[in-house]
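Reviewing the structure listed below.
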Amino acid sequence: MRKVAKGVWQLSCFQPHLFNVYLAEDVLIDAATRWARGRILSQVRGHPLGMIALTHCHPDHQGTAKILCEEFDIPLACHEADVPIMEGREPMQPDNRFLRLGVRLWAGRPYPVARVLREGDEVAGFRVVHAPGHTRGHVIFFRDSDRLAIAGDVLANVHFVTGKPGLRQPPPFFCVDPVQNWRSIQTLIDLEPALVCFGHGPPLYEVAQLERFAVSRS
């Protein structure tokens, strides 16, 4: 694990920054794919876990949620709009062939959501900011004390083909509403973060890049 801020660690991955998982105090934020069980368990052993909280319910973020919740006997949290999907009562969205392929390759089993997250809730010192578009229940976890944002997939900071760092919008076929996701990018910018951690790609310390990214696409 690598410490990225006070009380926050980014777990290591076989390919650095590909499927990011964060440990914030005793809360695991996101759960990668179902194939990540071994690498997550090896890193969190000895760190008391109190909860798993998802930025959103997609196959590369909820993959080990059920396994880890059962392994450590801890609750699962996600935004209310993604609860039916996490619990298996609705298909993952958008329900198209691209995401269905991701479900077959990476998704974990459904699991009951014990804590339903809503705008303004607190998780491990972070404020829940609803940022829909990628999924209906996508959230940003924002810590006001040091302006750290764990932004999920509102943006990525990596090119998925070359692997080079750089801000990217998620592909539109992975978004329930690409236009709404653009508004959520603006929500992230309006938070004026000092550091942004993404679901994919390395942390962004030069946050002025956010504004330049928005201007370049306006």
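So you can find residues: chains in the structure tokens are A, B, ... in the order shown, residues in each start at 1, and ligands are numbered from 1 in order.
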
Discussion item. Please list as a count of residues only every residue within 8 Å of region 56-64 of chain A, counting only C-alpha atoms and excluding residues in the same chain fewer than 4 positions away.
Written reply: 28

Give me, as a CSV table (one decimal) with N, CA and C atoms, in the first residue's frame, all polymer residues having an atom no more than 9 Å from region 206-210 of chain A, counting only C-alpha atoms and skipping those fewer than 6 positions away in the same chain.
```
chain,number,residue,atom,x,y,z
A,167,LEU,N,-6.0,13.0,-18.1
A,167,LEU,CA,-7.4,13.0,-17.7
A,167,LEU,C,-8.2,12.6,-18.9
A,185,ILE,N,-18.5,16.2,-13.6
A,185,ILE,CA,-17.1,16.6,-13.7
A,185,ILE,C,-17.0,18.1,-13.1
A,188,LEU,N,-17.1,18.1,-9.4
A,188,LEU,CA,-15.7,17.8,-8.9
A,188,LEU,C,-14.9,19.1,-8.9
A,189,ILE,N,-14.9,19.8,-10.0
A,189,ILE,CA,-14.1,21.0,-10.2
A,189,ILE,C,-14.5,22.1,-9.1
A,192,GLU,N,-13.2,22.3,-5.7
A,192,GLU,CA,-11.8,22.9,-5.5
A,192,GLU,C,-10.9,21.9,-4.7
A,193,PRO,N,-10.8,20.7,-5.2
A,193,PRO,CA,-9.9,19.7,-4.5
A,193,PRO,C,-8.4,20.1,-4.6
A,194,ALA,N,-7.7,19.7,-3.5
A,194,ALA,CA,-6.3,19.9,-3.5
A,194,ALA,C,-5.6,18.6,-4.0
A,195,LEU,N,-6.3,17.5,-4.0
A,195,LEU,CA,-5.8,16.2,-4.5
A,195,LEU,C,-7.0,15.4,-4.9
A,196,VAL,N,-6.8,14.7,-6.1
A,196,VAL,CA,-7.9,13.9,-6.6
A,196,VAL,C,-7.4,12.5,-6.8
```

Worksheet item: Hey, can you check how far CA of Leu155 (chain A) sits from CA of Ile29 (chain A)?
Response: 16.3 Å

Within 12 Å of region 40-48 of chain A: each region 66-164 of chain A residue with its shortest pair, only C-alpha atoms, as CSV:
```
residue,atom,partner,partner_atom,distance
A:Ile67,CA,A:Leu41,CA,10.1
A:Leu68,CA,A:Leu41,CA,8.1
A:Cys69,CA,A:Leu41,CA,11.5
A:Glu71,CA,A:Leu41,CA,9.3
A:Phe72,CA,A:Pro48,CA,8.7
A:Asp73,CA,A:Pro48,CA,11.0
A:Ile74,CA,A:Pro48,CA,10.2
```

Next, the residues of the selection above should be written as a PDB file, in the first residue's frame with C-alpha atoms.
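Final output, saved to part.pdb:
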```pdb
ATOM      1  CA  ILE A  67     -16.208 -11.821  -0.514  1.00  0.00           C
ATOM      2  CA  LEU A  68     -14.637  -9.176   1.716  1.00  0.00           C
ATOM      3  CA  CYS A  69     -17.821  -8.322   3.596  1.00  0.00           C
ATOM      4  CA  GLU A  71     -14.522 -12.488   5.193  1.00  0.00           C
ATOM      5  CA  PHE A  72     -14.390  -9.613   7.696  1.00  0.00           C
ATOM      6  CA  ASP A  73     -18.056  -9.578   8.740  1.00  0.00           C
ATOM      7  CA  ILE A  74     -18.466  -5.929   7.785  1.00  0.00           C
TER       8      ILE A  74
END
```

Just the residues within 7 Å of Ala24 (chain A), please, counting only C-alpha atoms, with nothing from its chain fewer than 6 positions along; format it as a PDB file with N, CA and C atoms, in the first residue's frame.
```pdb
ATOM      1  N   GLY A   7      -4.181   9.269   6.701  1.00  0.00           N
ATOM      2  CA  GLY A   7      -5.194   8.259   6.943  1.00  0.00           C
ATOM      3  C   GLY A   7      -5.738   7.582   5.707  1.00  0.00           C
ATOM      4  N   VAL A   8      -5.114   7.803   4.538  1.00  0.00           N
ATOM      5  CA  VAL A   8      -5.621   7.238   3.278  1.00  0.00           C
ATOM      6  C   VAL A   8      -4.476   6.552   2.541  1.00  0.00           C
ATOM      7  N   TRP A   9      -4.715   5.297   2.142  1.00  0.00           N
ATOM      8  CA  TRP A   9      -3.721   4.516   1.417  1.00  0.00           C
ATOM      9  C   TRP A   9      -4.331   4.007   0.113  1.00  0.00           C
ATOM     10  N   ALA A 124     -15.937   7.846   7.007  1.00  0.00           N
ATOM     11  CA  ALA A 124     -14.503   7.912   7.344  1.00  0.00           C
ATOM     12  C   ALA A 124     -13.945   9.328   7.227  1.00  0.00           C
TER      13      ALA A 124
END
```

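The two atoms in question, CA of Val154 (chain A) and CA of Ile140 (chain A), are spaced 8.2 Å apart.
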
Discussion item. As a count of residues only, please: the residues near Ser12 (chain A) (cut-off 8 Å, only C-alpha atoms, same-chain neighbours under 5 positions excluded).
Written reply: 5

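Nearest-residue note for Thr55 (chain A): choosing from A:Val215, A:Ala149, A:Val179, A:Leu99, the minimum distance belongs to A:Ala149, counting only C-alpha atoms.
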
Worksheet item: Mind pulling up the distance from CA of Ala81 (chain A) to CA of Phe142 (chain A)?
Response: 18.9 Å

Worksheet item: Residues at most 8 Å from Gly50 (chain A), counting only C-alpha atoms, excluding those fewer than 6 positions away in the same chain, as a VMD selection string?
Response: chain A and resid 26 to 27 74 to 75

Worksheet entry | Secondary structure check, strand (DSSP E) residues of region 10-207 of chain A, as number ranges by chain | A: 10, 22-24, 27-29, 51-53, 76-79, 115-117, 122-123, 126-130, 139-143, 148-150, 195-197

For those residues, write N, CA and C atoms to a file as an mmCIF file, in the first residue's frame.
```
data_model
loop_
_atom_site.group_PDB
_atom_site.id
_atom_site.type_symbol
_atom_site.label_atom_id
_atom_site.label_comp_id
_atom_site.auth_asym_id
_atom_site.auth_seq_id
_atom_site.Cartn_x
_atom_site.Cartn_y
_atom_site.Cartn_z
ATOM 1 N N GLN A 10 -3.517 3.950 -0.910
ATOM 2 C CA GLN A 10 -3.913 3.328 -2.174
ATOM 3 C C GLN A 10 -3.296 1.944 -2.228
ATOM 4 N N TYR A 22 -8.937 2.031 -2.273
ATOM 5 C CA TYR A 22 -8.374 2.904 -1.251
ATOM 6 C C TYR A 22 -8.818 2.451 0.133
ATOM 7 N N LEU A 23 -7.940 2.614 1.087
ATOM 8 C CA LEU A 23 -8.261 2.380 2.487
ATOM 9 C C LEU A 23 -8.231 3.720 3.195
ATOM 10 N N ALA A 24 -9.399 4.165 3.647
ATOM 11 C CA ALA A 24 -9.526 5.430 4.367
ATOM 12 C C ALA A 24 -9.888 5.114 5.817
ATOM 13 N N VAL A 27 -12.211 2.117 6.422
ATOM 14 C CA VAL A 27 -13.181 1.900 5.345
ATOM 15 C C VAL A 27 -12.445 1.623 4.045
ATOM 16 N N LEU A 28 -12.790 0.520 3.413
ATOM 17 C CA LEU A 28 -12.261 0.208 2.096
ATOM 18 C C LEU A 28 -13.171 0.839 1.055
ATOM 19 N N ILE A 29 -12.611 1.705 0.225
ATOM 20 C CA ILE A 29 -13.391 2.394 -0.804
ATOM 21 C C ILE A 29 -13.141 1.703 -2.140
ATOM 22 N N MET A 51 -15.979 -1.245 7.192
ATOM 23 C CA MET A 51 -17.008 -1.126 6.155
ATOM 24 C C MET A 51 -16.335 -1.119 4.786
ATOM 25 N N ILE A 52 -17.102 -1.499 3.765
ATOM 26 C CA ILE A 52 -16.735 -1.269 2.378
ATOM 27 C C ILE A 52 -17.727 -0.265 1.815
ATOM 28 N N ALA A 53 -17.220 0.786 1.172
ATOM 29 C CA ALA A 53 -18.067 1.811 0.563
ATOM 30 C C ALA A 53 -17.712 1.925 -0.912
ATOM 31 N N LEU A 76 -21.712 -3.320 3.861
ATOM 32 C CA LEU A 76 -21.461 -2.714 2.559
ATOM 33 C C LEU A 76 -22.301 -1.453 2.432
ATOM 34 N N ALA A 77 -21.707 -0.405 1.852
ATOM 35 C CA ALA A 77 -22.406 0.865 1.657
ATOM 36 C C ALA A 77 -22.308 1.293 0.202
ATOM 37 N N CYS A 78 -23.400 1.834 -0.331
ATOM 38 C CA CYS A 78 -23.364 2.510 -1.623
ATOM 39 C C CYS A 78 -24.557 3.458 -1.703
ATOM 40 N N HIS A 79 -24.558 4.307 -2.713
ATOM 41 C CA HIS A 79 -25.629 5.287 -2.850
ATOM 42 C C HIS A 79 -26.955 4.597 -3.126
ATOM 43 N N ARG A 115 -25.746 -0.148 4.508
ATOM 44 C CA ARG A 115 -25.806 1.303 4.740
ATOM 45 C C ARG A 115 -26.062 1.995 3.414
ATOM 46 N N VAL A 116 -27.178 2.670 3.321
ATOM 47 C CA VAL A 116 -27.580 3.381 2.108
ATOM 48 C C VAL A 116 -27.057 4.807 2.195
ATOM 49 N N LEU A 117 -26.242 5.200 1.233
ATOM 50 C CA LEU A 117 -25.614 6.518 1.246
ATOM 51 C C LEU A 117 -26.464 7.538 0.508
ATOM 52 N N GLU A 122 -21.621 11.097 5.922
ATOM 53 C CA GLU A 122 -20.198 11.076 6.255
ATOM 54 C C GLU A 122 -19.704 9.638 6.272
ATOM 55 N N VAL A 123 -18.549 9.415 5.639
ATOM 56 C CA VAL A 123 -17.903 8.107 5.615
ATOM 57 C C VAL A 123 -16.412 8.309 5.870
ATOM 58 N N PHE A 126 -15.095 11.626 5.254
ATOM 59 C CA PHE A 126 -15.391 12.144 3.920
ATOM 60 C C PHE A 126 -16.891 12.434 3.794
ATOM 61 N N ARG A 127 -17.196 13.478 3.061
ATOM 62 C CA ARG A 127 -18.577 13.834 2.762
ATOM 63 C C ARG A 127 -18.995 13.175 1.455
ATOM 64 N N VAL A 128 -20.186 12.596 1.445
ATOM 65 C CA VAL A 128 -20.710 11.975 0.232
ATOM 66 C C VAL A 128 -21.291 13.054 -0.675
ATOM 67 N N VAL A 129 -20.774 13.108 -1.907
ATOM 68 C CA VAL A 129 -21.257 14.060 -2.909
ATOM 69 C C VAL A 129 -21.834 13.244 -4.071
ATOM 70 N N HIS A 130 -23.123 13.341 -4.283
ATOM 71 C CA HIS A 130 -23.748 12.595 -5.371
ATOM 72 C C HIS A 130 -23.274 13.174 -6.699
ATOM 73 N N VAL A 139 -20.911 8.387 -6.628
ATOM 74 C CA VAL A 139 -20.599 9.422 -5.641
ATOM 75 C C VAL A 139 -19.116 9.750 -5.667
ATOM 76 N N ILE A 140 -18.817 10.942 -5.198
ATOM 77 C CA ILE A 140 -17.467 11.366 -4.864
ATOM 78 C C ILE A 140 -17.384 11.406 -3.347
ATOM 79 N N PHE A 141 -16.298 10.898 -2.781
ATOM 80 C CA PHE A 141 -16.035 11.058 -1.355
ATOM 81 C C PHE A 141 -15.074 12.238 -1.200
ATOM 82 N N PHE A 142 -15.515 13.266 -0.476
ATOM 83 C CA PHE A 142 -14.728 14.502 -0.377
ATOM 84 C C PHE A 142 -14.468 14.832 1.080
ATOM 85 N N ARG A 143 -13.191 15.051 1.403
ATOM 86 C CA ARG A 143 -12.802 15.396 2.769
ATOM 87 C C ARG A 143 -12.508 16.880 2.843
ATOM 88 N N LEU A 148 -9.373 16.582 -0.118
ATOM 89 C CA LEU A 148 -9.068 15.363 -0.859
ATOM 90 C C LEU A 148 -10.360 14.799 -1.435
ATOM 91 N N ALA A 149 -10.348 14.510 -2.732
ATOM 92 C CA ALA A 149 -11.495 13.907 -3.405
ATOM 93 C C ALA A 149 -11.129 12.507 -3.882
ATOM 94 N N ILE A 150 -11.931 11.531 -3.492
ATOM 95 C CA ILE A 150 -11.861 10.195 -4.078
ATOM 96 C C ILE A 150 -13.013 10.135 -5.067
ATOM 97 N N LEU A 195 -6.277 17.488 -4.020
ATOM 98 C CA LEU A 195 -5.764 16.205 -4.490
ATOM 99 C C LEU A 195 -6.962 15.378 -4.927
ATOM 100 N N VAL A 196 -6.823 14.720 -6.080
ATOM 101 C CA VAL A 196 -7.903 13.872 -6.578
ATOM 102 C C VAL A 196 -7.367 12.463 -6.784
ATOM 103 N N CYS A 197 -8.071 11.484 -6.213
ATOM 104 C CA CYS A 197 -7.766 10.079 -6.416
ATOM 105 C C CYS A 197 -8.872 9.464 -7.270
#
```

Worksheet item: Where does DSSP see alpha helix (DSSP H) in region 95-210 of chain A, if you list the residues as a list in words?
Response: Arg97, Phe98, Leu99, Arg100, Leu101, Gly102, Val103, Arg104, Leu105, Trp106, Pro178, Val179, Gln180, Asn181, Trp182, Arg183, Ser184, Ile185, Gln186, Thr187, Leu188, Ile189, Asp190, Ala208, Gln209 and Leu210 of chain A

Would you kindly return, as a PDB file with C-alpha atoms, in the first residue's frame, each protein, DNA or RNA residue with an atom no farther than 8 Å from any atom of Val158 (chain A), considering only C-alpha atoms and excluding same-chain residues fewer than 3 positions away?
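Saved result, part_4.pdb, follows:
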```pdb
ATOM      1  CA  GLY A 163      -1.389   3.353 -19.976  1.00  0.00           C
ATOM      2  CA  LYS A 164      -0.049   6.912 -19.921  1.00  0.00           C
ATOM      3  CA  PRO A 165      -1.423   9.329 -17.299  1.00  0.00           C
ATOM      4  CA  GLY A 166      -3.876  11.928 -18.524  1.00  0.00           C
ATOM      5  CA  LEU A 167      -7.412  13.007 -17.746  1.00  0.00           C
ATOM      6  CA  ARG A 168     -10.128  11.188 -19.688  1.00  0.00           C
ATOM      7  CA  HIS A 200      -8.334   4.406 -12.721  1.00  0.00           C
ATOM      8  CA  GLY A 201      -5.018   6.216 -12.978  1.00  0.00           C
ATOM      9  CA  PRO A 202      -2.610   7.817 -10.512  1.00  0.00           C
TER      10      PRO A 202
END
```

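Nearest residue to Leu191 (chain A), choosing from A:Arg212, A:Arg147, A:Arg118, A:His159 and counting only C-alpha atoms: A:Arg147.
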
Item to complete: Identify which of the residues A:Glu119, A:Val161, A:Arg97, A:Gly125 lies closest to Ser145 (chain A), counting only C-alpha atoms when measuring atom-to-atom distances.
Response: A:Gly125
